[in-house]
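Have a look at the structure below before the remarks.
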Amino acid sequence: MNNKHIRPEVPQPPHPHHRREALPWAQPKPRAEEPQGPAKLEAILKSPSYRPAIEDVDFLDGDDARGVRLQLDYLKPDRLLKAHGVQHSIVVFGSTRIVEPAAAKLKVEQLQADLQTSPQDSEIQRRLAVAERILAKSHYYEVAREFSRLVAEAGGGPKDSRLVIVTGGGPGMMEAANRGAHEAGTKTVGLNITLPHEQYPNPYVSPELCFQFHYFALRKMHFMLRARALIAFPGGFGTFDELFEILTLIQTRKIKPLPVVLVGEAYWRKAVDIDYLVDEGVIDVEDRELFWYAETAQDIWEGLLCWYERNGQSLIGQE
């Protein structure tokens, strides 16, 4: 050590953590001075008011802390997505009820056996008809799975997280999309939501990128923050909710236009008569151009590349 700057009037720097003499509050009041001191202190330490706010679940769950919860619902996923290098996403939606073909076929066979036992049971007949319709659409599970593989293999390969598949994290079509990316060895995101009845994420979401939101609004925000495209497979209320919200945002130019692909033209044309809406004057002719239809994974992928090429941009993002 160079001692040329040592001066006797300058004290030794204090230890960063320890004192030679304890401060007065480092020990509780002695029992000798206050016989009821320990009991009173215990009551104070157990009081909810003494609990740090960040550890007080009852407080954090209260109405007054809603603003804080909204911030946390935004901040945690945003921080982790950035930490894992996620720049852009392709959001995939579709029915939780459209399962893989083998599972759909097994369900039909089970109901056929039930119907043989009770051929006049109208409820079994109805359930069998529904199961047969699900089986007819189950090939879309494989389409979503294959499409996600194409996304995973784009850019710099499976380790490139600039563009990832994002789903709602549930079963059915969302599972298929996460599964394809998982099988290609790349990261894939699931944005789950807390519901009154317990629900589980599908097993193909990357554990470090599976999030659970309290607020639908913040979940929707994270779906859109990095979105480069929305791919909507046949689905119900949840799929319609996300689809029409995004179409409205694009229609009103509240967000920059992005490609929207409806997979399964026959389903979508029957589920939503867009031409009727145009004829009725409730949307404009140009609103037909906010989306297009596709049937195969290759159709979807090549359509996205074409859309971005026409827009003078890269789907994948910059290096």
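Within each chain, counting starts at residue 1; across the structure tokens, chains are named A, B, ... in the order shown, with ligands numbered 1 upward in that order.
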Within 7 Å of stretch 292-316 of chain A, which residues of stretch 39-150 of chain A show up? Give each one with its shortest atom-to-atom distance in Å (one decimal) and the two atoms involved, counting only C-alpha atoms, rows by chain then rising residue number, as CSV.
residue,atom,partner,partner_atom,distance
A:Val143,CA,A:Ala297,CA,5.3
A:Ala144,CA,A:Ala297,CA,6.7
A:Glu146,CA,A:Ala297,CA,5.9
A:Phe147,CA,A:Ala297,CA,4.5
Item checked: Exercise: A:His182 partners within 12 Å, only C-alpha atoms, chain neighbours under 2 positions left out, as a ChimeraX atom specification -> /A:145-146,148-153,158-159,164-166,175-180,184-190,202-207
Note to self: Set the distance at 12 Å and use only C-alpha atoms: which residues neighbour A:Arg69 once local chain neighbours fewer than 2 positions away are removed? I'd like the list as a list of chain:residue names.
What the structure shows: A:Ile54, A:Val57, A:Phe59, A:Leu60, A:Asp61, A:Gly62, A:Asp63, A:Asp64, A:Ala65, A:Arg66, A:Gly67, A:Gln71, A:Leu72, A:Asp73, A:Tyr74, A:Leu75, A:Lys76, A:Phe213, A:His214, A:Tyr215, A:Ala217, A:Leu218
Check: So which bits of stretch 70-186 of chain A end up strand (DSSP E) when you DSSP the backbone, as a PyMOL selection string?
Finding: chain A and resi 88-93+163-167
Find the nearest atom pair between each residue of stretch 206-231 of chain A and stretch 93-109 of chain A for residues within 12 Å, count only C-alpha atoms, give distances in Å to one decimal, sort rows by chain and ascending number, and present the table as JSON lines.
{"residue": "A:Phe223", "atom": "CA", "partner": "A:Phe93", "partner_atom": "CA", "distance": 10.6}
{"residue": "A:Ala229", "atom": "CA", "partner": "A:Phe93", "partner_atom": "CA", "distance": 11.1}
{"residue": "A:Leu230", "atom": "CA", "partner": "A:Phe93", "partner_atom": "CA", "distance": 7.7}
{"residue": "A:Ile231", "atom": "CA", "partner": "A:Phe93", "partner_atom": "CA", "distance": 6.3}
